[in-house]
Amino acid sequence: MTRELSPARVKIPFGQAMRMVGPYAGNKVVEQIRSVSLIVAYLVLFQIIVLGIPIADATVVALGIGVVVLGLALFMEGLFLGLMPLGETCGIMLPQKTVLPVILLFAFILGVGATFAEPAIGVLKSAGFSVKAWNAPLLFLLLSKYSSMLVWAVGGGVGLAVLFGMLRFLYHWSLKPFIYVLYAAIGSISIWAFFDPNLVHITGLAWDCGAVTTGPVTVPLVLALGIGISRVASQGEGGTAGGFGVVTLASAFPILAVLGL
């Protein structure tokens, strides 16, 4: 009998490990500094030169910008190491391990769950405190008393978008009919609501909800899932190139859901 040899663990001193990780982490932070520096410089120069207003609490502002840079670096690294591989693996294995109803149920729940995980949803709910009831009664009602119902409507819209996106990948449907039908319906309802004093403010909220759902959690997770399913469904024809387009649906369906609400 032969004994299987397990690979020996290499012990690296803490200092040497930091010297190995340091350049990699430094490059990631520098990338985010380059991304943020332009918009920060623009805001600072505009405030000082054009508006003529000095930067109040400059130390606190600088510290906040540093935290943003560090947070973005950690978030992007976690995204590529965690969420996206997880979503792509689920997309690859789902068609091989389960049947269509399970895939669609999984896609719907994933869309709803990703919506609740979006940081922008909290901003949307807190925005209700700035709306005066006598200026926009229906908008105030949705953002205050029925804010949870609004979030569920947005989540349901994203869930339906991911569901139809998976169907599109599996059956190779074109994206154009979805765009034509959805935006024709959304545009028609928006025009009709514009002439209704109770609904005119809801139109802006609905379209903003379409942008809220394309945030840093939903987009990479849904894209990775779509790429994984498309890779299996295409069978070499088109590869992962057909795994895009679901974010378009994730923007349109929530708008329709809020207008319907």
# chains A, B, ... in the order shown; residues from 1 in each chain; ligands from 1
call {"tool": "residues_around", "arguments": {"residues": "Ala161 in chain A", "least_positions_apart": "5", "cutoff": "12 Å", "atoms": "only C-alpha atoms", "output": "ChimeraX atom specification"}}
result
/A:104,107-112,115,154-156,166-168,175,178-179,182,210,213-214,218,222,226,245-257
call {"tool": "residues_around", "arguments": {"residues": "Tyr171 in chain A", "least_positions_apart": "3", "cutoff": "12 Å", "atoms": "only C-alpha atoms", "output": "list in words"}}
result
Leu100, Phe164, Gly165, Met166, Leu167, Arg168, Ser174, Leu175, Ile229, Ser230, Val232, Ala233, Ser234 and Gly242 of chain A
call {"tool": "residues_around", "arguments": {"residues": "range 190-196 of chain A", "least_positions_apart": "5", "cutoff": "12 Å", "atoms": "only C-alpha atoms", "output": "MDAnalysis selection string"}}
result
chainID A and resid 136 138 183:185 201:207 255:256 258:260
call {"tool": "closest_residue", "arguments": {"among": "A:Gly159, A:Gly52, A:Pro95, A:Pro23", "to": "Arg231 in chain A", "atoms": "only C-alpha atoms"}}
result
A:Pro95
